[in-house]
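One structure below.
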Amino acid sequence: DDPDPPAEHYDSLCHFDYQTQKARALKYRNAEVPFLVYNVPNVNEVVKRWTPEYLTNKFGTKGRRTEISKDNHFMYYTQGRRAKTPAGWQPPTTITRYSYADWYAMAKQADRSKMGPTETHYYFRAEGDQEKFIRDDLEIFKKEKSFFIVEPERHRGIHCRFGMRGVIAESHFDGGRNYIAMLKGRKRYILQPPEECKNTYLLQSGHPSARHTEINWSKPDLEKYPKFNQARAMEVVLSEGEVLYLPSYYLHHIIAIEYNIQCNCRSGIKGGRDQVRKCGF
C-alpha cells in the first residue's frame, strides 16, 4: 500500500531509445517480450502540451466518468449479461462524474498530504472515441500500421486513465498486445508472463471481476493462497515520457506513485492464449 518505490529498486525490463534503438525494440516486440521505449517525439510533445490548463480547457466543465473507492484498491468489475454475481457480492467501487479540474485538485492534494491507503480515492478516465483532442494529440495511436499499432484492423481505441497517489489496479490480464504511454507522473508495474496465472488465483469467467486476482496483494493470505508464494514477476517504474510494451495476456499489477496520466492502445493478439486456457479461460 506504500506507493513510494523501495530505495533500492530493481528494474527488470530493457529500455530502448526510440530514436537510435528502434530496430532492437522491434525484435523484442516481435518476440512478444515486455520492454520500454523512451525519446518518442510525439510522446515528448504530448508530455509538454498536457498541462492542467490545457486539459481543463479541452475537457471543459462537463463531468467525466470517475471511479470512487473507499480505499486505494480499484478492482475492475462488470455487471453485464454474462456476469454471475456471487451471493453477497457488492461492487468494489462506485461510479460518478467529475470535471477534470475538480478531480485534478483532489489529486494534487493527495500528493501534498501523502494521502494514505485507507482514504477515499478517485480514478478519472477519458476515451479517445469521445475526446477528439486525445485522438489528434496521440499520433502514435493512429489507426494505421506502425511500431505502436501492429494490427490497425484490430485497433481497440485509446483509453486514458488519470490516477492519484496510491491508486492500485489489481493484477489482471487483457487479451490484446498493449502499448502504454506515461504522459504525467509515474506508476509502478509488476508484470507476470501468462503462465503465472496458475499461481495468482484469478477469478474465473462469469465472475464480475473475471481475469483479476482474488488476492489482496497488499496483505496476501499465504495460507489461503499458498501458490502465490511461488509466483515469479518482474517490475518497472514507468515514468513520464516512457512507453511500455505489454504482450498479450501478460498479468499486470499497477500502483500509482503520484498524480499521473497514462494512455494505452491495444491492437491484435499474439501468443499467451494457451497458457491462460490452462487456468480456466
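Ordering of the C-alpha cells sets the chain letters (A, B, ...), residue numbers begin anew at 1 in every chain, and ligands are numbered from 1 in the order given.
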
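Omitting Glu153 in chain A and its sequence neighbours fewer than 5 positions away, and counting only C-alpha atoms, the residues within 12 Å are Lys142, Lys143, Glu144, Lys145, Arg266, Ser267, Gly268 and Ile269 of chain A.
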
query = So which residues touch Ile190 in chain A within 7 Å, counting only C-alpha atoms, skipping near sequence neighbours fewer than 5 positions away, as a PyMOL selection string?
reply = chain A and resi 233-236+252-254

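Residue neighbourhood of Trp89 in chain A, excluding near-sequence residues (fewer than 6 positions): A:Tyr77, A:Gln79, A:Ala83, A:His207, A:Pro208, A:Ser209, at 12 Å, using only C-alpha atoms.
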
task = Would you mind writing down, as a PyMOL selection string, each residue of range 38-148 of chain A that DSSP on the backbone assigns to strand (DSSP E or B)?
result = chain A and resi 38+64-69+73-74+94-98+121-127

Selection above as a file: N, CA, C and O atoms, as a compact mmCIF listing (two decimals), in the first residue's frame:
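Full text of selection_39.txt as output:
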```
# COMPACT_ATOMS: atom_id res chain seq x y z
N TYR A 38 11.74 5.10 -24.88
CA TYR A 38 11.70 6.49 -24.48
C TYR A 38 12.22 7.33 -25.64
O TYR A 38 12.67 6.80 -26.66
N ARG A 64 -16.75 13.78 -16.33
CA ARG A 64 -16.36 12.54 -17.00
C ARG A 64 -16.42 11.39 -15.99
O ARG A 64 -16.40 11.60 -14.79
N ARG A 65 -16.47 10.18 -16.51
CA ARG A 65 -16.55 9.00 -15.65
C ARG A 65 -15.42 9.00 -14.63
O ARG A 65 -14.24 9.10 -14.98
N THR A 66 -15.76 8.84 -13.37
CA THR A 66 -14.79 8.80 -12.28
C THR A 66 -15.18 7.68 -11.32
O THR A 66 -16.31 7.64 -10.83
N GLU A 67 -14.25 6.76 -11.09
CA GLU A 67 -14.50 5.67 -10.14
C GLU A 67 -14.08 6.11 -8.75
O GLU A 67 -13.08 6.81 -8.58
N ILE A 68 -14.82 5.67 -7.75
CA ILE A 68 -14.55 6.02 -6.35
C ILE A 68 -14.37 4.73 -5.55
O ILE A 68 -15.18 3.80 -5.66
N SER A 69 -13.31 4.68 -4.76
CA SER A 69 -13.09 3.55 -3.87
C SER A 69 -12.90 4.07 -2.45
O SER A 69 -12.27 5.12 -2.25
N HIS A 73 -7.67 0.59 -3.41
CA HIS A 73 -7.79 -0.55 -4.31
C HIS A 73 -8.95 -0.36 -5.28
O HIS A 73 -10.08 -0.07 -4.87
N PHE A 74 -8.64 -0.55 -6.57
CA PHE A 74 -9.65 -0.42 -7.62
C PHE A 74 -9.73 -1.74 -8.38
O PHE A 74 -8.91 -2.03 -9.24
N THR A 94 -17.69 2.59 -6.79
CA THR A 94 -18.87 3.24 -7.33
C THR A 94 -18.43 4.19 -8.45
O THR A 94 -17.24 4.52 -8.56
N ILE A 95 -19.37 4.61 -9.25
CA ILE A 95 -19.06 5.45 -10.40
C ILE A 95 -19.86 6.73 -10.33
O ILE A 95 -21.07 6.73 -10.07
N THR A 96 -19.16 7.84 -10.54
CA THR A 96 -19.82 9.14 -10.60
C THR A 96 -19.16 9.94 -11.72
O THR A 96 -18.47 9.37 -12.58
N ARG A 97 -19.37 11.24 -11.73
CA ARG A 97 -18.76 12.09 -12.76
C ARG A 97 -18.17 13.33 -12.11
O ARG A 97 -18.81 13.96 -11.26
N TYR A 98 -16.94 13.64 -12.49
CA TYR A 98 -16.25 14.86 -12.04
C TYR A 98 -15.69 15.57 -13.25
O TYR A 98 -15.32 14.93 -14.25
N HIS A 121 -10.30 7.30 -2.62
CA HIS A 121 -9.52 7.62 -3.82
C HIS A 121 -10.45 7.74 -5.03
O HIS A 121 -11.52 7.12 -5.06
N TYR A 122 -9.99 8.52 -6.01
CA TYR A 122 -10.79 8.81 -7.20
C TYR A 122 -9.95 8.54 -8.45
O TYR A 122 -8.79 8.96 -8.53
N TYR A 123 -10.56 7.87 -9.43
CA TYR A 123 -9.86 7.46 -10.64
C TYR A 123 -10.64 7.99 -11.84
O TYR A 123 -11.75 7.55 -12.13
N PHE A 124 -10.07 8.96 -12.54
CA PHE A 124 -10.72 9.68 -13.64
C PHE A 124 -10.32 9.02 -14.96
O PHE A 124 -9.18 8.59 -15.13
N ARG A 125 -11.24 8.96 -15.90
CA ARG A 125 -10.91 8.32 -17.16
C ARG A 125 -11.51 9.06 -18.34
O ARG A 125 -12.51 9.77 -18.21
N ALA A 126 -10.88 8.88 -19.50
CA ALA A 126 -11.38 9.50 -20.73
C ALA A 126 -11.02 8.59 -21.89
O ALA A 126 -10.00 7.90 -21.87
N GLU A 127 -11.86 8.60 -22.91
CA GLU A 127 -11.70 7.70 -24.05
C GLU A 127 -11.48 8.51 -25.33
O GLU A 127 -12.11 9.54 -25.55
```

Quick one: contact table of range 144-243 of chain A to range 42-47 of chain A, 12 Å max, nearest atom pair and distance in Å to one decimal per residue, counting only C-alpha atoms, chain and number order, as CSV?
```
residue,atom,partner,partner_atom,distance
A:Phe148,CA,A:Val43,CA,11.8
A:Ile180,CA,A:Val43,CA,10.9
A:Ala181,CA,A:Val43,CA,7.4
A:Met182,CA,A:Val47,CA,8.4
A:Leu183,CA,A:Val47,CA,5.1
A:Lys184,CA,A:Val47,CA,6.6
A:Gly185,CA,A:Val47,CA,9.9
A:Ser239,CA,A:Val47,CA,11.0
A:Glu240,CA,A:Val47,CA,7.3
A:Gly241,CA,A:Asn44,CA,5.8
A:Glu242,CA,A:Val43,CA,7.8
A:Val243,CA,A:Val43,CA,8.4
```

key: Residue list (helix (DSSP H, G or I), DSSP) for range 38-263 of chain A, as a PyMOL selection string   = chain A and resi 41-49+52-59+100-113+132-137+139-141+152-154+194-199+226-230

inquiry  = So that I can check the surroundings of Ala101 in chain A, please list as a PyMOL selection string every protein, DNA and RNA residue that reaches within 8 Å of it, counting only C-alpha atoms and ignoring chain neighbours fewer than 4 positions away.
reply    = chain A and resi 52+56+61+105

Grab the residues selected above and save them as a PDB file, in the first residue's frame with N, CA, C and O atoms.
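And here is the file that came out, selection01.pdb:
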```
ATOM      1  N   PRO A  52      -2.159  21.129 -16.835  1.00  0.00           N
ATOM      2  CA  PRO A  52      -3.505  21.222 -16.236  1.00  0.00           C
ATOM      3  C   PRO A  52      -4.377  22.258 -16.935  1.00  0.00           C
ATOM      4  O   PRO A  52      -5.591  22.053 -17.109  1.00  0.00           O
ATOM      5  N   THR A  56      -7.822  21.307 -18.732  1.00  0.00           N
ATOM      6  CA  THR A  56      -9.033  21.953 -18.242  1.00  0.00           C
ATOM      7  C   THR A  56      -9.792  22.603 -19.386  1.00  0.00           C
ATOM      8  O   THR A  56     -11.025  22.515 -19.472  1.00  0.00           O
ATOM      9  N   THR A  61     -16.084  21.982 -18.432  1.00  0.00           N
ATOM     10  CA  THR A  61     -16.675  21.777 -17.098  1.00  0.00           C
ATOM     11  C   THR A  61     -17.548  20.525 -17.012  1.00  0.00           C
ATOM     12  O   THR A  61     -18.010  20.167 -15.935  1.00  0.00           O
ATOM     13  N   ALA A 105      -7.711  18.859  -8.719  1.00  0.00           N
ATOM     14  CA  ALA A 105      -7.492  19.500  -7.419  1.00  0.00           C
ATOM     15  C   ALA A 105      -7.382  18.449  -6.316  1.00  0.00           C
ATOM     16  O   ALA A 105      -6.529  18.553  -5.415  1.00  0.00           O
TER      17      ALA A 105
END
```

ask   = So which residues touch Ser248 in chain A within 12 Å, counting only C-alpha atoms, skipping near sequence neighbours fewer than 3 positions away, as number ranges by chain?
value = A: 29-34, 172-179, 191-195, 245, 251-252, 266-276

Using C-alpha atoms, can you write the selected residues to a file as a short mmCIF file (atom, residue, chain, number, x, y, z; two decimals), in the first residue's frame?
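What landed in selection09.cif:
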```cif
data_model
loop_
_atom_site.label_atom_id
_atom_site.label_comp_id
_atom_site.auth_asym_id
_atom_site.auth_seq_id
_atom_site.Cartn_x
_atom_site.Cartn_y
_atom_site.Cartn_z
CA ARG A 29 8.05 -6.73 -29.79
CA ASN A 30 8.09 -9.46 -32.44
CA ALA A 31 9.29 -11.93 -29.79
CA GLU A 32 6.42 -10.82 -27.51
CA VAL A 33 8.70 -9.73 -24.67
CA PRO A 34 7.90 -6.67 -22.47
CA HIS A 172 -5.16 -8.99 -14.24
CA PHE A 173 -4.61 -9.84 -17.88
CA ASP A 174 -6.01 -8.36 -21.08
CA GLY A 175 -6.30 -10.15 -24.37
CA GLY A 176 -4.58 -7.67 -26.72
CA ARG A 177 -0.98 -6.60 -27.20
CA ASN A 178 -0.79 -3.27 -25.45
CA TYR A 179 1.29 -0.08 -25.60
CA LEU A 191 4.38 -7.93 -14.55
CA GLN A 192 3.99 -11.68 -14.90
CA PRO A 193 4.02 -13.87 -18.02
CA PRO A 194 0.74 -15.64 -18.83
CA GLU A 195 1.83 -18.99 -17.39
CA TYR A 245 5.02 -2.69 -24.38
CA LEU A 251 -0.57 -10.10 -15.97
CA HIS A 252 -0.02 -6.62 -14.58
CA ARG A 266 -4.33 -2.36 -27.97
CA SER A 267 -4.16 -3.89 -31.45
CA GLY A 268 -4.46 -7.61 -32.03
CA ILE A 269 -3.48 -10.71 -30.11
CA LYS A 270 -0.42 -12.93 -30.38
CA GLY A 271 0.56 -15.71 -28.00
CA GLY A 272 -0.35 -16.40 -24.39
CA ARG A 273 -3.78 -17.86 -25.04
CA ASP A 274 -2.74 -21.48 -24.43
CA GLN A 275 -1.27 -20.57 -21.02
CA VAL A 276 -4.36 -18.80 -19.69
#
```

For Leu55 in chain A, work out the shell of residues within 12 Å, counting only C-alpha atoms and skipping chain neighbours fewer than 3 positions away, then give it as a PDB file with all heavy atoms, in the first residue's frame.
```pdb
ATOM      1  N   VAL A  46       3.393  15.549 -26.320  1.00  0.00           N
ATOM      2  CA  VAL A  46       2.170  15.487 -25.520  1.00  0.00           C
ATOM      3  C   VAL A  46       2.482  15.723 -24.045  1.00  0.00           C
ATOM      4  O   VAL A  46       1.707  16.386 -23.339  1.00  0.00           O
ATOM      5  CB  VAL A  46       1.454  14.136 -25.734  1.00  0.00           C
ATOM      6  CG1 VAL A  46       0.253  14.008 -24.801  1.00  0.00           C
ATOM      7  CG2 VAL A  46       1.010  13.997 -27.187  1.00  0.00           C
ATOM      8  N   VAL A  47       3.605  15.210 -23.575  1.00  0.00           N
ATOM      9  CA  VAL A  47       4.003  15.461 -22.183  1.00  0.00           C
ATOM     10  C   VAL A  47       4.076  16.962 -21.912  1.00  0.00           C
ATOM     11  O   VAL A  47       3.603  17.453 -20.870  1.00  0.00           O
ATOM     12  CB  VAL A  47       5.368  14.791 -21.884  1.00  0.00           C
ATOM     13  CG1 VAL A  47       5.941  15.303 -20.567  1.00  0.00           C
ATOM     14  CG2 VAL A  47       5.217  13.274 -21.828  1.00  0.00           C
ATOM     15  N   LYS A  48       4.642  17.715 -22.834  1.00  0.00           N
ATOM     16  CA  LYS A  48       4.747  19.168 -22.666  1.00  0.00           C
ATOM     17  C   LYS A  48       3.382  19.854 -22.820  1.00  0.00           C
ATOM     18  O   LYS A  48       3.065  20.807 -22.110  1.00  0.00           O
ATOM     19  CB  LYS A  48       5.733  19.741 -23.691  1.00  0.00           C
ATOM     20  CG  LYS A  48       7.179  19.324 -23.468  1.00  0.00           C
ATOM     21  CD  LYS A  48       8.086  19.931 -24.538  1.00  0.00           C
ATOM     22  CE  LYS A  48       9.536  19.510 -24.334  1.00  0.00           C
ATOM     23  NZ  LYS A  48      10.425  20.042 -25.399  1.00  0.00           N
ATOM     24  N   ARG A  49       2.583  19.354 -23.738  1.00  0.00           N
ATOM     25  CA  ARG A  49       1.325  20.021 -24.076  1.00  0.00           C
ATOM     26  C   ARG A  49       0.249  19.818 -23.015  1.00  0.00           C
ATOM     27  O   ARG A  49      -0.529  20.726 -22.728  1.00  0.00           O
ATOM     28  CB  ARG A  49       0.818  19.496 -25.426  1.00  0.00           C
ATOM     29  CG  ARG A  49      -0.431  20.185 -25.936  1.00  0.00           C
ATOM     30  CD  ARG A  49      -0.826  19.610 -27.290  1.00  0.00           C
ATOM     31  NE  ARG A  49       0.261  19.684 -28.246  1.00  0.00           N
ATOM     32  CZ  ARG A  49       0.477  18.801 -29.223  1.00  0.00           C
ATOM     33  NH1 ARG A  49      -0.332  17.774 -29.366  1.00  0.00           N
ATOM     34  NH2 ARG A  49       1.482  18.961 -30.044  1.00  0.00           N
ATOM     35  N   TRP A  50       0.211  18.651 -22.398  1.00  0.00           N
ATOM     36  CA  TRP A  50      -0.899  18.327 -21.500  1.00  0.00           C
ATOM     37  C   TRP A  50      -0.684  18.899 -20.099  1.00  0.00           C
ATOM     38  O   TRP A  50      -0.564  18.170 -19.116  1.00  0.00           O
ATOM     39  CB  TRP A  50      -1.108  16.813 -21.458  1.00  0.00           C
ATOM     40  CG  TRP A  50      -1.852  16.293 -22.670  1.00  0.00           C
ATOM     41  CD1 TRP A  50      -1.970  16.893 -23.879  1.00  0.00           C
ATOM     42  CD2 TRP A  50      -2.565  15.054 -22.767  1.00  0.00           C
ATOM     43  NE1 TRP A  50      -2.704  16.120 -24.741  1.00  0.00           N
ATOM     44  CE2 TRP A  50      -3.080  14.982 -24.087  1.00  0.00           C
ATOM     45  CE3 TRP A  50      -2.802  14.012 -21.882  1.00  0.00           C
ATOM     46  CZ2 TRP A  50      -3.833  13.890 -24.532  1.00  0.00           C
ATOM     47  CZ3 TRP A  50      -3.553  12.919 -22.326  1.00  0.00           C
ATOM     48  CH2 TRP A  50      -4.064  12.862 -23.633  1.00  0.00           C
ATOM     49  N   THR A  51      -0.682  20.185 -20.024  1.00  0.00           N
ATOM     50  CA  THR A  51      -0.635  20.864 -18.734  1.00  0.00           C
ATOM     51  C   THR A  51      -2.032  20.865 -18.125  1.00  0.00           C
ATOM     52  O   THR A  51      -3.033  20.644 -18.826  1.00  0.00           O
ATOM     53  CB  THR A  51      -0.173  22.312 -18.914  1.00  0.00           C
ATOM     54  OG1 THR A  51      -1.146  22.999 -19.725  1.00  0.00           O
ATOM     55  CG2 THR A  51       1.198  22.391 -19.594  1.00  0.00           C
ATOM     56  N   PRO A  52      -2.159  21.129 -16.835  1.00  0.00           N
ATOM     57  CA  PRO A  52      -3.505  21.222 -16.236  1.00  0.00           C
ATOM     58  C   PRO A  52      -4.377  22.258 -16.935  1.00  0.00           C
ATOM     59  O   PRO A  52      -5.591  22.053 -17.109  1.00  0.00           O
ATOM     60  CB  PRO A  52      -3.216  21.598 -14.791  1.00  0.00           C
ATOM     61  CG  PRO A  52      -1.849  21.052 -14.526  1.00  0.00           C
ATOM     62  CD  PRO A  52      -1.104  21.220 -15.815  1.00  0.00           C
ATOM     63  N   LYS A  58      -9.608  21.726 -22.606  1.00  0.00           N
ATOM     64  CA  LYS A  58     -10.100  20.709 -23.533  1.00  0.00           C
ATOM     65  C   LYS A  58     -11.296  19.948 -22.958  1.00  0.00           C
ATOM     66  O   LYS A  58     -12.260  19.660 -23.675  1.00  0.00           O
ATOM     67  CB  LYS A  58      -8.985  19.733 -23.896  1.00  0.00           C
ATOM     68  CG  LYS A  58      -7.901  20.328 -24.792  1.00  0.00           C
ATOM     69  CD  LYS A  58      -8.466  20.703 -26.149  1.00  0.00           C
ATOM     70  CE  LYS A  58      -7.409  21.226 -27.086  1.00  0.00           C
ATOM     71  NZ  LYS A  58      -7.958  21.588 -28.426  1.00  0.00           N
ATOM     72  N   PHE A  59     -11.247  19.611 -21.692  1.00  0.00           N
ATOM     73  CA  PHE A  59     -12.340  18.857 -21.077  1.00  0.00           C
ATOM     74  C   PHE A  59     -13.534  19.748 -20.736  1.00  0.00           C
ATOM     75  O   PHE A  59     -14.673  19.279 -20.687  1.00  0.00           O
ATOM     76  CB  PHE A  59     -11.858  18.152 -19.812  1.00  0.00           C
ATOM     77  CG  PHE A  59     -11.074  16.900 -20.049  1.00  0.00           C
ATOM     78  CD1 PHE A  59      -9.798  16.756 -19.546  1.00  0.00           C
ATOM     79  CD2 PHE A  59     -11.616  15.853 -20.772  1.00  0.00           C
ATOM     80  CE1 PHE A  59      -9.076  15.585 -19.748  1.00  0.00           C
ATOM     81  CE2 PHE A  59     -10.904  14.674 -20.987  1.00  0.00           C
ATOM     82  CZ  PHE A  59      -9.626  14.540 -20.473  1.00  0.00           C
ATOM     83  N   GLY A  60     -13.261  21.029 -20.461  1.00  0.00           N
ATOM     84  CA  GLY A  60     -14.338  21.922 -20.069  1.00  0.00           C
ATOM     85  C   GLY A  60     -14.882  21.571 -18.694  1.00  0.00           C
ATOM     86  O   GLY A  60     -14.228  20.905 -17.895  1.00  0.00           O
ATOM     87  N   THR A  61     -16.084  21.982 -18.432  1.00  0.00           N
ATOM     88  CA  THR A  61     -16.675  21.777 -17.098  1.00  0.00           C
ATOM     89  C   THR A  61     -17.548  20.525 -17.012  1.00  0.00           C
ATOM     90  O   THR A  61     -18.010  20.167 -15.935  1.00  0.00           O
ATOM     91  CB  THR A  61     -17.531  22.994 -16.710  1.00  0.00           C
ATOM     92  OG1 THR A  61     -18.552  23.188 -17.705  1.00  0.00           O
ATOM     93  CG2 THR A  61     -16.671  24.253 -16.627  1.00  0.00           C
ATOM     94  N   SER A  99     -15.615  16.890 -13.165  1.00  0.00           N
ATOM     95  CA  SER A  99     -14.863  17.619 -14.175  1.00  0.00           C
ATOM     96  C   SER A  99     -13.383  17.335 -13.956  1.00  0.00           C
ATOM     97  O   SER A  99     -12.951  16.987 -12.843  1.00  0.00           O
ATOM     98  CB  SER A  99     -15.125  19.120 -14.070  1.00  0.00           C
ATOM     99  OG  SER A  99     -14.537  19.638 -12.875  1.00  0.00           O
ATOM    100  N   TYR A 100     -12.584  17.482 -15.006  1.00  0.00           N
ATOM    101  CA  TYR A 100     -11.146  17.270 -14.855  1.00  0.00           C
ATOM    102  C   TYR A 100     -10.577  18.224 -13.813  1.00  0.00           C
ATOM    103  O   TYR A 100      -9.765  17.821 -12.964  1.00  0.00           O
ATOM    104  CB  TYR A 100     -10.412  17.459 -16.183  1.00  0.00           C
ATOM    105  CG  TYR A 100      -8.919  17.568 -15.979  1.00  0.00           C
ATOM    106  CD1 TYR A 100      -8.152  16.430 -15.735  1.00  0.00           C
ATOM    107  CD2 TYR A 100      -8.277  18.810 -15.971  1.00  0.00           C
ATOM    108  CE1 TYR A 100      -6.790  16.526 -15.492  1.00  0.00           C
ATOM    109  CE2 TYR A 100      -6.914  18.911 -15.733  1.00  0.00           C
ATOM    110  CZ  TYR A 100      -6.184  17.767 -15.502  1.00  0.00           C
ATOM    111  OH  TYR A 100      -4.829  17.872 -15.252  1.00  0.00           O
ATOM    112  N   ALA A 101     -10.994  19.480 -13.827  1.00  0.00           N
ATOM    113  CA  ALA A 101     -10.443  20.479 -12.906  1.00  0.00           C
ATOM    114  C   ALA A 101     -10.707  20.088 -11.453  1.00  0.00           C
ATOM    115  O   ALA A 101      -9.815  20.189 -10.598  1.00  0.00           O
ATOM    116  CB  ALA A 101     -11.024  21.858 -13.206  1.00  0.00           C
ATOM    117  N   ASP A 102     -11.918  19.626 -11.157  1.00  0.00           N
ATOM    118  CA  ASP A 102     -12.243  19.232  -9.788  1.00  0.00           C
ATOM    119  C   ASP A 102     -11.462  17.996  -9.378  1.00  0.00           C
ATOM    120  O   ASP A 102     -10.959  17.892  -8.253  1.00  0.00           O
ATOM    121  CB  ASP A 102     -13.747  18.986  -9.647  1.00  0.00           C
ATOM    122  CG  ASP A 102     -14.560  20.270  -9.682  1.00  0.00           C
ATOM    123  OD1 ASP A 102     -13.959  21.359  -9.493  1.00  0.00           O
ATOM    124  OD2 ASP A 102     -15.781  20.192  -9.914  1.00  0.00           O
ATOM    125  N   TRP A 103     -11.359  17.029 -10.308  1.00  0.00           N
ATOM    126  CA  TRP A 103     -10.594  15.820  -9.991  1.00  0.00           C
ATOM    127  C   TRP A 103      -9.114  16.156  -9.790  1.00  0.00           C
ATOM    128  O   TRP A 103      -8.472  15.652  -8.865  1.00  0.00           O
ATOM    129  CB  TRP A 103     -10.748  14.777 -11.097  1.00  0.00           C
ATOM    130  CG  TRP A 103      -9.870  13.596 -10.833  1.00  0.00           C
ATOM    131  CD1 TRP A 103     -10.168  12.503 -10.073  1.00  0.00           C
ATOM    132  CD2 TRP A 103      -8.519  13.432 -11.256  1.00  0.00           C
ATOM    133  NE1 TRP A 103      -9.083  11.661 -10.009  1.00  0.00           N
ATOM    134  CE2 TRP A 103      -8.055  12.209 -10.722  1.00  0.00           C
ATOM    135  CE3 TRP A 103      -7.641  14.200 -12.034  1.00  0.00           C
ATOM    136  CZ2 TRP A 103      -6.766  11.733 -10.951  1.00  0.00           C
ATOM    137  CZ3 TRP A 103      -6.353  13.732 -12.262  1.00  0.00           C
ATOM    138  CH2 TRP A 103      -5.930  12.515 -11.731  1.00  0.00           C
ATOM    139  N   TYR A 104      -8.561  17.003 -10.648  1.00  0.00           N
ATOM    140  CA  TYR A 104      -7.145  17.369 -10.553  1.00  0.00           C
ATOM    141  C   TYR A 104      -6.831  18.016  -9.204  1.00  0.00           C
ATOM    142  O   TYR A 104      -5.786  17.730  -8.598  1.00  0.00           O
ATOM    143  CB  TYR A 104      -6.769  18.314 -11.695  1.00  0.00           C
ATOM    144  CG  TYR A 104      -5.360  18.847 -11.608  1.00  0.00           C
ATOM    145  CD1 TYR A 104      -4.271  18.030 -11.890  1.00  0.00           C
ATOM    146  CD2 TYR A 104      -5.115  20.172 -11.230  1.00  0.00           C
ATOM    147  CE1 TYR A 104      -2.963  18.524 -11.805  1.00  0.00           C
ATOM    148  CE2 TYR A 104      -3.831  20.663 -11.134  1.00  0.00           C
ATOM    149  CZ  TYR A 104      -2.758  19.828 -11.429  1.00  0.00           C
ATOM    150  OH  TYR A 104      -1.474  20.318 -11.333  1.00  0.00           O
ATOM    151  N   ALA A 126     -10.884   8.884 -19.496  1.00  0.00           N
ATOM    152  CA  ALA A 126     -11.377   9.503 -20.730  1.00  0.00           C
ATOM    153  C   ALA A 126     -11.022   8.588 -21.893  1.00  0.00           C
ATOM    154  O   ALA A 126     -10.003   7.904 -21.866  1.00  0.00           O
ATOM    155  CB  ALA A 126     -10.762  10.890 -20.931  1.00  0.00           C
ATOM    156  N   GLU A 131     -13.203  11.945 -27.081  1.00  0.00           N
ATOM    157  CA  GLU A 131     -12.419  13.176 -26.937  1.00  0.00           C
ATOM    158  C   GLU A 131     -11.529  13.349 -28.162  1.00  0.00           C
ATOM    159  O   GLU A 131     -10.500  12.688 -28.304  1.00  0.00           O
ATOM    160  CB  GLU A 131     -11.559  13.129 -25.671  1.00  0.00           C
ATOM    161  CG  GLU A 131     -12.289  12.707 -24.406  1.00  0.00           C
ATOM    162  CD  GLU A 131     -13.268  13.750 -23.908  1.00  0.00           C
ATOM    163  OE1 GLU A 131     -13.218  14.912 -24.374  1.00  0.00           O
ATOM    164  OE2 GLU A 131     -14.093  13.416 -23.013  1.00  0.00           O
ATOM    165  N   PHE A 133      -9.484  15.644 -29.035  1.00  0.00           N
ATOM    166  CA  PHE A 133      -8.116  16.121 -28.801  1.00  0.00           C
ATOM    167  C   PHE A 133      -7.175  14.968 -28.445  1.00  0.00           C
ATOM    168  O   PHE A 133      -5.985  15.015 -28.757  1.00  0.00           O
ATOM    169  CB  PHE A 133      -8.080  17.217 -27.729  1.00  0.00           C
ATOM    170  CG  PHE A 133      -8.069  16.730 -26.308  1.00  0.00           C
ATOM    171  CD1 PHE A 133      -6.866  16.525 -25.631  1.00  0.00           C
ATOM    172  CD2 PHE A 133      -9.255  16.494 -25.627  1.00  0.00           C
ATOM    173  CE1 PHE A 133      -6.847  16.088 -24.313  1.00  0.00           C
ATOM    174  CE2 PHE A 133      -9.248  16.063 -24.304  1.00  0.00           C
ATOM    175  CZ  PHE A 133      -8.039  15.846 -23.646  1.00  0.00           C
ATOM    176  N   ILE A 134      -7.700  13.924 -27.796  1.00  0.00           N
ATOM    177  CA  ILE A 134      -6.866  12.763 -27.478  1.00  0.00           C
ATOM    178  C   ILE A 134      -6.445  12.070 -28.770  1.00  0.00           C
ATOM    179  O   ILE A 134      -5.266  11.733 -28.965  1.00  0.00           O
ATOM    180  CB  ILE A 134      -7.612  11.795 -26.542  1.00  0.00           C
ATOM    181  CG1 ILE A 134      -7.778  12.437 -25.162  1.00  0.00           C
ATOM    182  CG2 ILE A 134      -6.865  10.464 -26.425  1.00  0.00           C
ATOM    183  CD1 ILE A 134      -8.575  11.586 -24.176  1.00  0.00           C
ATOM    184  N   ASP A 137      -3.933  14.456 -30.627  1.00  0.00           N
ATOM    185  CA  ASP A 137      -2.625  14.649 -29.991  1.00  0.00           C
ATOM    186  C   ASP A 137      -1.777  13.387 -30.004  1.00  0.00           C
ATOM    187  O   ASP A 137      -0.566  13.441 -30.237  1.00  0.00           O
ATOM    188  CB  ASP A 137      -2.808  15.131 -28.550  1.00  0.00           C
ATOM    189  CG  ASP A 137      -3.283  16.569 -28.460  1.00  0.00           C
ATOM    190  OD1 ASP A 137      -3.419  17.227 -29.511  1.00  0.00           O
ATOM    191  OD2 ASP A 137      -3.536  17.048 -27.332  1.00  0.00           O
ATOM    192  N   PHE A 162      -6.475   8.660 -15.453  1.00  0.00           N
ATOM    193  CA  PHE A 162      -5.891   9.750 -14.667  1.00  0.00           C
ATOM    194  C   PHE A 162      -5.932   9.307 -13.207  1.00  0.00           C
ATOM    195  O   PHE A 162      -7.001   9.200 -12.616  1.00  0.00           O
ATOM    196  CB  PHE A 162      -6.690  11.032 -14.867  1.00  0.00           C
ATOM    197  CG  PHE A 162      -6.698  11.555 -16.293  1.00  0.00           C
ATOM    198  CD1 PHE A 162      -7.348  10.852 -17.309  1.00  0.00           C
ATOM    199  CD2 PHE A 162      -6.075  12.752 -16.611  1.00  0.00           C
ATOM    200  CE1 PHE A 162      -7.372  11.327 -18.612  1.00  0.00           C
ATOM    201  CE2 PHE A 162      -6.096  13.236 -17.915  1.00  0.00           C
ATOM    202  CZ  PHE A 162      -6.741  12.521 -18.916  1.00  0.00           C
ATOM    203  N   ILE A 261      -0.938  10.471 -15.585  1.00  0.00           N
ATOM    204  CA  ILE A 261      -1.806  10.228 -16.736  1.00  0.00           C
ATOM    205  C   ILE A 261      -1.145   9.161 -17.593  1.00  0.00           C
ATOM    206  O   ILE A 261       0.031   9.282 -17.954  1.00  0.00           O
ATOM    207  CB  ILE A 261      -2.017  11.487 -17.594  1.00  0.00           C
ATOM    208  CG1 ILE A 261      -2.567  12.648 -16.766  1.00  0.00           C
ATOM    209  CG2 ILE A 261      -2.950  11.182 -18.761  1.00  0.00           C
ATOM    210  CD1 ILE A 261      -2.639  13.959 -17.553  1.00  0.00           C
TER     211      ILE A 261
END
```

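Of note, CA of Leu36 in chain A and CA of Cys160 in chain A are spaced 18.4 Å apart.
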
request  = For CA of Ala87 in chain A and CA of Lys224 in chain A, quote the distance in Å rounded to one decimal.
outcome  = 19.9 Å
